[in-house]
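Dropping final-v2.tsv in here (TSV, C-alpha atoms):
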```
chain	number	residue	atom	x	y	z
A	67	MET	CA	0.00	0.00	0.00
A	68	SER	CA	1.33	3.43	-0.92
A	69	ASP	CA	2.47	5.93	1.67
A	70	SER	CA	-0.37	8.27	0.70
A	71	LEU	CA	-2.90	5.64	1.78
A	72	ASN	CA	-1.12	5.07	5.11
A	73	ALA	CA	-0.97	8.79	5.87
A	74	PRO	CA	-3.32	10.44	8.38
A	75	ASP	CA	-6.68	11.60	6.99
A	76	ALA	CA	-5.58	15.20	7.07
A	77	ALA	CA	-2.78	14.44	4.64
A	78	ARG	CA	-4.98	12.58	2.17
A	79	PRO	CA	-6.49	14.23	-0.89
A	80	ALA	CA	-10.19	15.10	-0.72
A	81	SER	CA	-12.48	12.25	-1.80
A	82	GLY	CA	-13.23	13.92	-5.14
A	83	GLU	CA	-9.61	14.47	-6.09
A	84	SER	CA	-7.60	12.10	-8.24
A	85	LEU	CA	-4.95	10.16	-6.39
A	86	ARG	CA	-1.49	10.93	-7.77
A	87	HIS	CA	1.33	8.72	-6.58
A	88	ALA	CA	4.77	8.73	-8.13
A	89	ARG	CA	5.39	5.02	-8.71
A	90	ALA	CA	8.71	3.47	-9.47
A	91	LYS	CA	9.03	1.89	-12.89
A	92	GLY	CA	7.24	-1.45	-12.89
A	93	GLU	CA	5.46	-0.83	-9.57
A	94	PRO	CA	1.80	-1.90	-9.78
A	95	ARG	CA	-0.70	0.89	-9.39
A	96	PHE	CA	-2.76	-1.03	-6.82
A	97	PRO	CA	-0.43	-3.57	-5.14
A	98	ASP	CA	-3.30	-5.28	-3.32
A	99	GLY	CA	-5.98	-4.41	-5.86
A	100	PRO	CA	-7.13	-5.46	-9.34
A	101	LYS	CA	-4.48	-6.42	-11.86
A	102	ALA	CA	-4.08	-4.39	-15.03
A	103	ASP	CA	-4.44	-7.44	-17.28
A	104	PRO	CA	-5.36	-10.47	-15.14
A	105	ALA	CA	-5.69	-13.00	-17.98
A	106	GLY	CA	-3.00	-11.65	-20.26
A	107	SER	CA	-5.93	-11.17	-22.60
A	108	HIS	CA	-4.03	-8.96	-25.03
A	109	PHE	CA	-2.52	-12.17	-26.37
A	110	GLU	CA	-5.97	-13.49	-27.28
A	111	ARG	CA	-6.95	-12.54	-30.82
A	112	ARG	CA	-10.62	-11.78	-30.39
A	113	ILE	CA	-12.75	-8.73	-31.07
A	114	ARG	CA	-13.79	-7.23	-27.74
A	115	SER	CA	-16.82	-5.26	-26.69
A	116	PHE	CA	-14.91	-3.19	-24.13
A	117	GLN	CA	-11.90	-0.94	-23.70
A	118	PRO	CA	-10.11	-1.00	-20.31
A	119	ARG	CA	-9.96	2.37	-18.55
A	120	ARG	CA	-7.91	2.90	-15.39
A	121	SER	CA	-7.69	6.70	-15.15
A	122	ARG	CA	-9.08	9.29	-12.73
A	123	VAL	CA	-9.20	7.12	-9.63
A	124	THR	CA	-10.06	9.19	-6.58
A	125	ALA	CA	-8.40	8.71	-3.21
A	126	GLY	CA	-11.56	7.15	-1.81
A	127	GLN	CA	-11.82	4.69	-4.69
A	128	ALA	CA	-8.14	3.79	-4.43
A	129	ASP	CA	-8.49	3.23	-0.69
A	130	ALA	CA	-11.47	0.90	-1.28
A	131	LEU	CA	-9.53	-1.03	-3.93
A	132	GLN	CA	-6.59	-1.51	-1.58
A	133	ARG	CA	-8.65	-2.45	1.47
A	134	LEU	CA	-11.44	-4.50	-0.04
A	135	TRP	CA	-10.13	-6.13	-3.20
A	136	PRO	CA	-8.45	-9.05	-1.39
A	137	ARG	CA	-11.82	-9.87	0.22
A	138	TRP	CA	-14.43	-8.88	-2.38
A	139	GLY	CA	-12.53	-8.71	-5.66
A	140	LEU	CA	-12.00	-11.34	-8.35
A	141	ASP	CA	-9.36	-11.03	-11.05
A	142	ILE	CA	-10.64	-12.83	-14.13
A	143	ASP	CA	-7.50	-14.81	-14.89
A	144	GLY	CA	-8.94	-17.98	-16.38
A	145	ARG	CA	-8.71	-20.13	-13.24
A	146	PRO	CA	-11.95	-21.91	-12.24
A	147	VAL	CA	-13.88	-20.21	-9.44
A	148	ASP	CA	-16.22	-21.77	-6.88
A	149	LEU	CA	-19.08	-19.29	-6.48
A	150	GLY	CA	-20.15	-20.77	-3.15
A	151	GLU	CA	-16.66	-20.24	-1.82
A	152	LEU	CA	-16.42	-16.76	-3.37
A	153	PHE	CA	-19.59	-15.55	-1.63
A	154	GLY	CA	-19.46	-17.79	1.42
A	155	ASN	CA	-22.99	-19.13	0.90
A	156	ASP	CA	-25.16	-21.06	-1.54
A	157	HIS	CA	-27.49	-18.23	-2.54
A	158	PRO	CA	-28.29	-17.82	-6.24
A	159	VAL	CA	-25.74	-15.79	-8.22
A	160	VAL	CA	-26.56	-13.22	-10.88
A	161	LEU	CA	-23.82	-12.06	-13.22
A	162	GLU	CA	-23.86	-8.37	-14.14
A	163	ILE	CA	-21.64	-7.34	-17.04
A	164	GLY	CA	-20.71	-3.66	-17.10
A	165	PHE	CA	-21.89	-1.79	-14.01
A	166	GLY	CA	-20.52	1.71	-14.56
A	167	MET	CA	-20.00	3.37	-11.21
A	168	GLY	CA	-22.01	0.71	-9.40
A	169	GLU	CA	-24.88	2.76	-7.95
A	170	ALA	CA	-27.62	0.59	-9.47
A	171	THR	CA	-25.76	-2.59	-8.54
A	172	ALA	CA	-25.50	-1.52	-4.92
A	173	GLN	CA	-29.20	-0.63	-4.81
A	174	MET	CA	-30.21	-4.02	-6.25
A	175	ALA	CA	-27.93	-5.82	-3.81
A	176	ALA	CA	-29.42	-3.95	-0.87
A	177	ALA	CA	-32.97	-4.66	-2.02
A	178	ASP	CA	-32.36	-8.40	-2.45
A	179	PRO	CA	-29.77	-9.55	0.11
A	180	HIS	CA	-30.41	-13.24	-0.60
A	181	THR	CA	-29.24	-12.93	-4.20
A	182	ASN	CA	-25.51	-12.67	-4.82
A	183	ILE	CA	-24.30	-10.31	-7.55
A	184	LEU	CA	-21.04	-10.92	-9.36
A	185	ALA	CA	-20.50	-7.56	-11.06
A	186	VAL	CA	-17.85	-7.47	-13.79
A	187	ASP	CA	-16.25	-4.41	-15.37
A	188	VAL	CA	-12.89	-3.16	-16.56
A	189	HIS	CA	-13.34	0.43	-15.35
A	190	THR	CA	-11.09	0.85	-12.32
A	191	PRO	CA	-12.83	3.93	-10.83
A	192	GLY	CA	-16.15	2.08	-11.03
A	193	GLN	CA	-14.65	-0.97	-9.34
A	194	GLY	CA	-13.43	1.18	-6.47
A	195	ASN	CA	-16.72	3.06	-6.24
A	196	LEU	CA	-18.81	-0.12	-6.06
A	197	LEU	CA	-16.54	-1.58	-3.39
A	198	ASN	CA	-16.93	1.65	-1.43
A	199	LEU	CA	-20.73	1.57	-1.79
A	200	ALA	CA	-20.87	-2.06	-0.70
A	201	ASP	CA	-18.66	-1.36	2.30
A	202	ARG	CA	-20.65	1.69	3.41
A	203	GLY	CA	-23.94	-0.14	2.88
A	204	GLY	CA	-22.87	-3.30	4.69
A	205	LEU	CA	-23.56	-5.33	1.54
A	206	THR	CA	-22.05	-8.79	1.76
A	207	ASN	CA	-23.69	-10.12	-1.42
A	208	VAL	CA	-21.56	-8.19	-3.94
A	209	ARG	CA	-18.31	-9.34	-5.53
A	210	VAL	CA	-16.47	-7.28	-8.13
A	211	GLY	CA	-14.87	-9.00	-11.10
A	212	ASN	CA	-12.04	-7.38	-13.03
A	213	GLY	CA	-11.46	-8.41	-16.62
A	214	ASP	CA	-13.05	-10.05	-19.63
A	215	ALA	CA	-16.50	-11.53	-18.95
A	216	ILE	CA	-16.06	-13.92	-21.89
A	217	ILE	CA	-13.08	-15.54	-20.15
A	218	LEU	CA	-15.12	-15.74	-16.93
A	219	LEU	CA	-18.01	-17.49	-18.68
A	220	ARG	CA	-15.92	-19.73	-20.89
A	221	GLU	CA	-13.17	-20.85	-18.53
A	222	MET	CA	-14.04	-20.09	-14.92
A	223	LEU	CA	-17.72	-20.87	-14.31
A	224	THR	CA	-19.37	-24.28	-14.29
A	225	PRO	CA	-22.52	-25.20	-16.24
A	226	ASP	CA	-25.82	-24.08	-14.73
A	227	SER	CA	-24.03	-21.99	-12.09
A	228	LEU	CA	-25.83	-18.68	-12.71
A	229	ALA	CA	-29.36	-17.69	-11.77
A	230	GLY	CA	-29.41	-14.66	-14.03
A	231	LEU	CA	-27.54	-12.33	-16.37
A	232	ARG	CA	-27.80	-8.53	-16.44
A	233	VAL	CA	-26.40	-6.32	-19.16
A	234	TYR	CA	-27.42	-2.71	-18.62
A	235	PHE	CA	-26.50	0.03	-21.08
A	236	PRO	CA	-23.59	-1.71	-22.82
A	237	ASP	CA	-21.49	0.24	-25.28
A	238	PRO	CA	-23.72	0.52	-28.39
A	239	TRP	CA	-20.81	0.83	-30.80
A	240	PRO	CA	-23.01	2.98	-33.05
A	241	LYS	CA	-20.83	3.01	-36.17
A	242	LYS	CA	-21.74	0.23	-38.57
A	243	ARG	CA	-18.17	-1.00	-38.87
A	244	HIS	CA	-18.07	-1.45	-35.10
A	245	HIS	CA	-21.31	-3.46	-34.76
A	246	LYS	CA	-19.24	-6.63	-34.54
A	247	ARG	CA	-17.97	-5.36	-31.16
A	248	ARG	CA	-21.43	-5.33	-29.59
A	249	LEU	CA	-21.71	-7.79	-26.72
A	250	ILE	CA	-25.17	-9.18	-27.42
A	251	GLN	CA	-24.48	-11.48	-30.35
A	252	PRO	CA	-25.55	-15.10	-31.08
A	253	GLU	CA	-22.13	-16.48	-30.09
A	254	PHE	CA	-22.19	-14.69	-26.73
A	255	LEU	CA	-25.71	-15.91	-26.00
A	256	SER	CA	-24.72	-19.50	-26.79
A	257	LEU	CA	-21.85	-19.26	-24.32
A	258	ALA	CA	-23.99	-17.60	-21.64
A	259	ALA	CA	-26.68	-20.26	-22.05
A	260	THR	CA	-24.23	-22.96	-20.97
A	261	ARG	CA	-23.71	-21.23	-17.62
A	262	LEU	CA	-27.33	-20.23	-16.91
A	263	LYS	CA	-29.71	-22.49	-15.04
A	264	PRO	CA	-32.96	-23.35	-16.81
A	265	GLY	CA	-35.40	-20.58	-16.00
A	266	ALA	CA	-32.65	-18.01	-15.40
A	267	LEU	CA	-33.56	-14.49	-16.47
A	268	VAL	CA	-31.51	-12.54	-19.00
A	269	HIS	CA	-32.18	-8.84	-18.57
A	270	CYS	CA	-30.79	-6.26	-20.98
A	271	ALA	CA	-31.44	-2.54	-21.16
A	272	THR	CA	-30.26	0.11	-23.61
A	273	ASP	CA	-31.13	3.64	-24.66
A	274	TRP	CA	-29.75	3.11	-28.16
A	275	GLY	CA	-32.69	2.20	-30.40
A	276	PRO	CA	-30.86	0.30	-33.15
A	277	TYR	CA	-28.99	-1.80	-30.57
A	278	ALA	CA	-32.27	-2.53	-28.77
A	279	GLU	CA	-33.71	-3.84	-32.03
A	280	GLN	CA	-30.63	-6.01	-32.60
A	281	MET	CA	-30.84	-7.39	-29.06
A	282	LEU	CA	-34.50	-8.25	-29.57
A	283	GLU	CA	-33.76	-9.90	-32.89
A	284	VAL	CA	-30.87	-12.11	-31.73
A	285	LEU	CA	-32.51	-13.08	-28.44
A	286	THR	CA	-35.77	-13.97	-30.18
A	287	ALA	CA	-33.94	-16.09	-32.75
A	288	HIS	CA	-31.82	-17.95	-30.21
A	289	PRO	CA	-33.18	-21.42	-29.36
A	290	ASP	CA	-32.00	-21.27	-25.73
A	291	PHE	CA	-34.09	-18.23	-24.77
A	292	GLU	CA	-37.72	-17.19	-24.81
A	293	ASN	CA	-39.26	-13.77	-24.40
A	294	THR	CA	-41.17	-13.24	-21.16
A	295	GLN	CA	-43.46	-10.81	-23.00
A	296	ALA	CA	-46.49	-12.40	-24.63
A	297	ASP	CA	-46.34	-9.96	-27.54
A	298	GLY	CA	-42.71	-10.82	-28.24
A	299	GLY	CA	-41.56	-7.23	-27.74
A	300	PHE	CA	-39.78	-5.08	-25.20
A	301	ALA	CA	-40.62	-5.25	-21.50
A	302	PRO	CA	-41.58	-2.48	-19.08
A	303	ARG	CA	-38.73	-1.56	-16.75
A	304	PRO	CA	-39.04	-4.03	-13.87
A	305	GLY	CA	-39.14	-2.63	-10.38
A	306	PHE	CA	-35.89	-4.33	-9.39
A	307	ARG	CA	-33.85	-2.33	-11.91
A	308	PRO	CA	-33.26	1.11	-10.36
A	309	LEU	CA	-33.63	4.25	-12.39
A	310	THR	CA	-30.12	5.68	-12.40
A	311	ARG	CA	-29.26	9.37	-12.48
A	312	PHE	CA	-27.69	8.96	-15.92
A	313	GLU	CA	-30.80	7.22	-17.23
A	314	GLY	CA	-33.06	9.87	-15.72
A	315	GLN	CA	-31.11	12.60	-17.47
A	316	GLY	CA	-31.51	10.74	-20.74
A	317	LEU	CA	-35.24	10.33	-20.24
A	318	ASP	CA	-35.52	14.07	-19.54
A	319	LYS	CA	-33.93	14.64	-22.95
A	320	GLY	CA	-36.44	12.39	-24.65
A	321	HIS	CA	-34.32	9.23	-24.87
A	322	VAL	CA	-36.22	5.96	-25.00
A	323	VAL	CA	-34.94	3.13	-22.81
A	324	ASN	CA	-35.85	-0.41	-23.81
A	325	ASP	CA	-35.71	-3.38	-21.43
A	326	LEU	CA	-35.56	-6.97	-22.63
A	327	LEU	CA	-36.45	-9.88	-20.36
A	328	PHE	CA	-35.76	-13.35	-21.72
A	329	ARG	CA	-35.76	-16.69	-19.93
A	330	ARG	CA	-33.32	-19.57	-20.36
A	331	VAL	CA	-35.35	-22.50	-21.64
A	332	GLN	CA	-34.78	-26.17	-20.88
A	333	HIS	CA	-34.77	-28.45	-23.89
A	334	GLY	CA	-36.18	-31.95	-23.85
```

Give the structure from this file in C-alpha cells form.
Amino acid sequence: MSDSLNAPDAARPASGESLRHARAKGEPRFPDGPKADPAGSHFERRIRSFQPRRSRVTAGQADALQRLWPRWGLDIDGRPVDLGELFGNDHPVVLEIGFGMGEATAQMAAADPHTNILAVDVHTPGQGNLLNLADRGGLTNVRVGNGDAIILLREMLTPDSLAGLRVYFPDPWPKKRHHKRRLIQPEFLSLAATRLKPGALVHCATDWGPYAEQMLEVLTAHPDFENTQADGGFAPRPGFRPLTRFEGQGLDKGHVVNDLLFRRVQHG
C-alpha cells in the first residue's frame, strides 16, 4: 500500500480528487488491488466489446480497492472459481456485465440480500466506487470481477451456475463498422446459455434504439431463450432495476430506454 494511503486523513487528498502517486518503474498501481491485465488477454486474438480504462481514480476509490479487493474482488485470470466459496454461501448468483460506477448494482444488492451479484467491469474507478458503496452499505452479497467476462463465462464458471444475467446500457458501438464489437451477439448468447440455469432471467437494457432492435432480434432467434413478454416485444422496466441518475437525465432529454427480459429454456 502506498504511503499516501497510510498517511493520516488530514494528509490525504479530498475524496473527489484524483490520487497521484509517483510510482517506481514497474510498480503496480494497486499492489493489493485489481491487476491491469489479469488474464494476459491482449494475447488473445478476439474482437472485444470493451476498452479498459484505469484513469481518474479518486483517493476514496483507491483506498477501497486496496482495502477490499483481497476480500471482495475477483481477477478474471482464467482459473476456475467456486461461487459458493467466493460468496461464502449457496445463494443464487446473478452475473452483471458492465456496471458503470455501481450505484444501481449496490441498490439491487441492498434490495435483495439473498441474491448474490457478481459484477464485472474493466473500469477501475467504477470498481473502487462499487466496493466503497458495498462497504458503506454493509452489503455482503456483492463481488467485483475485473477483466473479460467472456473468459469468466468460458473458462471459470461451471454449467448451470448462474441464476441470471444482467447487461445494462452496454457500449452501443453505433458506427456500422463497429457493430461486430457489440456484446449481445448469437455467439455470446450461446456461451452464456451454458452457464445459466434453466429458467434463469436474462435482462438487458439500452437507450440506443438500433442496438435494442438487434438485441431483440438475436434473443428472439436464439433457441435457448424465450421472451417473457407475450407480444414478443420489449418489457416495461421491472421494479428491481433502479432508475439511475444517468438514465433519468436521458429520459428528460427524450431518450427511450428499452428493457428486454428473456428466460433460459430447458430443452427436452

- Query: Nearest to His288 of chain A: which of A:Pro146, A:Pro252, A:Pro158, A:Gly305 is it, counting all atoms listed in the file?
  - Reply: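 Looking at the shortest contact to His288 of chain A, the residue is A:Pro252.
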
- Query: Smallest atom-to-atom distance to Glu162 of chain A: which of A:Ile142, A:Val268, A:Ala128, A:Val123, using all atoms listed in the file?
  - Reply: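 Of all the options, A:Val268 lies closest to Glu162 of chain A.
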
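Each of A:Leu223, A:Met281, A:Leu149, A:Leu131 was compared to Gln251 of chain A using all atoms listed in the file, and A:Met281 turns out to be the nearest.
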
- Item | Val186 of chain A environment, 10 Å, all atoms listed in the file, sequence neighbours closer than 3 positions dropped, as a VMD selection string | chain A and resid 139 to 142 161 to 166 183 189 193 209 to 215 218

Store the residues picked out above in a file with C-alpha atoms, as a PDB file, keeping the file's coordinate frame.
```pdb
ATOM      1  CA  GLY A 139     -12.530  -8.710  -5.660  1.00  0.00           C
ATOM      2  CA  LEU A 140     -12.000 -11.340  -8.350  1.00  0.00           C
ATOM      3  CA  ASP A 141      -9.360 -11.030 -11.050  1.00  0.00           C
ATOM      4  CA  ILE A 142     -10.640 -12.830 -14.130  1.00  0.00           C
ATOM      5  CA  LEU A 161     -23.820 -12.060 -13.220  1.00  0.00           C
ATOM      6  CA  GLU A 162     -23.860  -8.370 -14.140  1.00  0.00           C
ATOM      7  CA  ILE A 163     -21.640  -7.340 -17.040  1.00  0.00           C
ATOM      8  CA  GLY A 164     -20.710  -3.660 -17.100  1.00  0.00           C
ATOM      9  CA  PHE A 165     -21.890  -1.790 -14.010  1.00  0.00           C
ATOM     10  CA  GLY A 166     -20.520   1.710 -14.560  1.00  0.00           C
ATOM     11  CA  ILE A 183     -24.300 -10.310  -7.550  1.00  0.00           C
ATOM     12  CA  HIS A 189     -13.340   0.430 -15.350  1.00  0.00           C
ATOM     13  CA  GLN A 193     -14.650  -0.970  -9.340  1.00  0.00           C
ATOM     14  CA  ARG A 209     -18.310  -9.340  -5.530  1.00  0.00           C
ATOM     15  CA  VAL A 210     -16.470  -7.280  -8.130  1.00  0.00           C
ATOM     16  CA  GLY A 211     -14.870  -9.000 -11.100  1.00  0.00           C
ATOM     17  CA  ASN A 212     -12.040  -7.380 -13.030  1.00  0.00           C
ATOM     18  CA  GLY A 213     -11.460  -8.410 -16.620  1.00  0.00           C
ATOM     19  CA  ASP A 214     -13.050 -10.050 -19.630  1.00  0.00           C
ATOM     20  CA  ALA A 215     -16.500 -11.530 -18.950  1.00  0.00           C
ATOM     21  CA  LEU A 218     -15.120 -15.740 -16.930  1.00  0.00           C
TER      22      LEU A 218
END
```

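Closest to Gly106 of chain A among A:Ile217, A:Ala175, A:Val160, A:Ala301 is A:Ile217, based on all atoms listed in the file.
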
- Task: With a distance cut-off of 9 Å and all atoms listed in the file, select the neighbouring residues of Ala266 of chain A, excluding the residue or stretch itself and same-chain residues fewer than 5 positions from it, and output the selection as a PyMOL selection string.
- Result: chain A and resi 160+228-231+328-331

- Find the distance between atom CA of Pro302 of chain A and atom CA of Asn324 of chain A and write it in Å to one decimal.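 It comes out at 7.7 Å.
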
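Rounded to one decimal, atom CA of Ala259 of chain A and atom CA of Thr181 of chain A lie 19.5 Å from each other.
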
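One distance worth recording is that between atom CA of Gly265 of chain A and atom CA of Gln332 of chain A, which is 7.4 Å.
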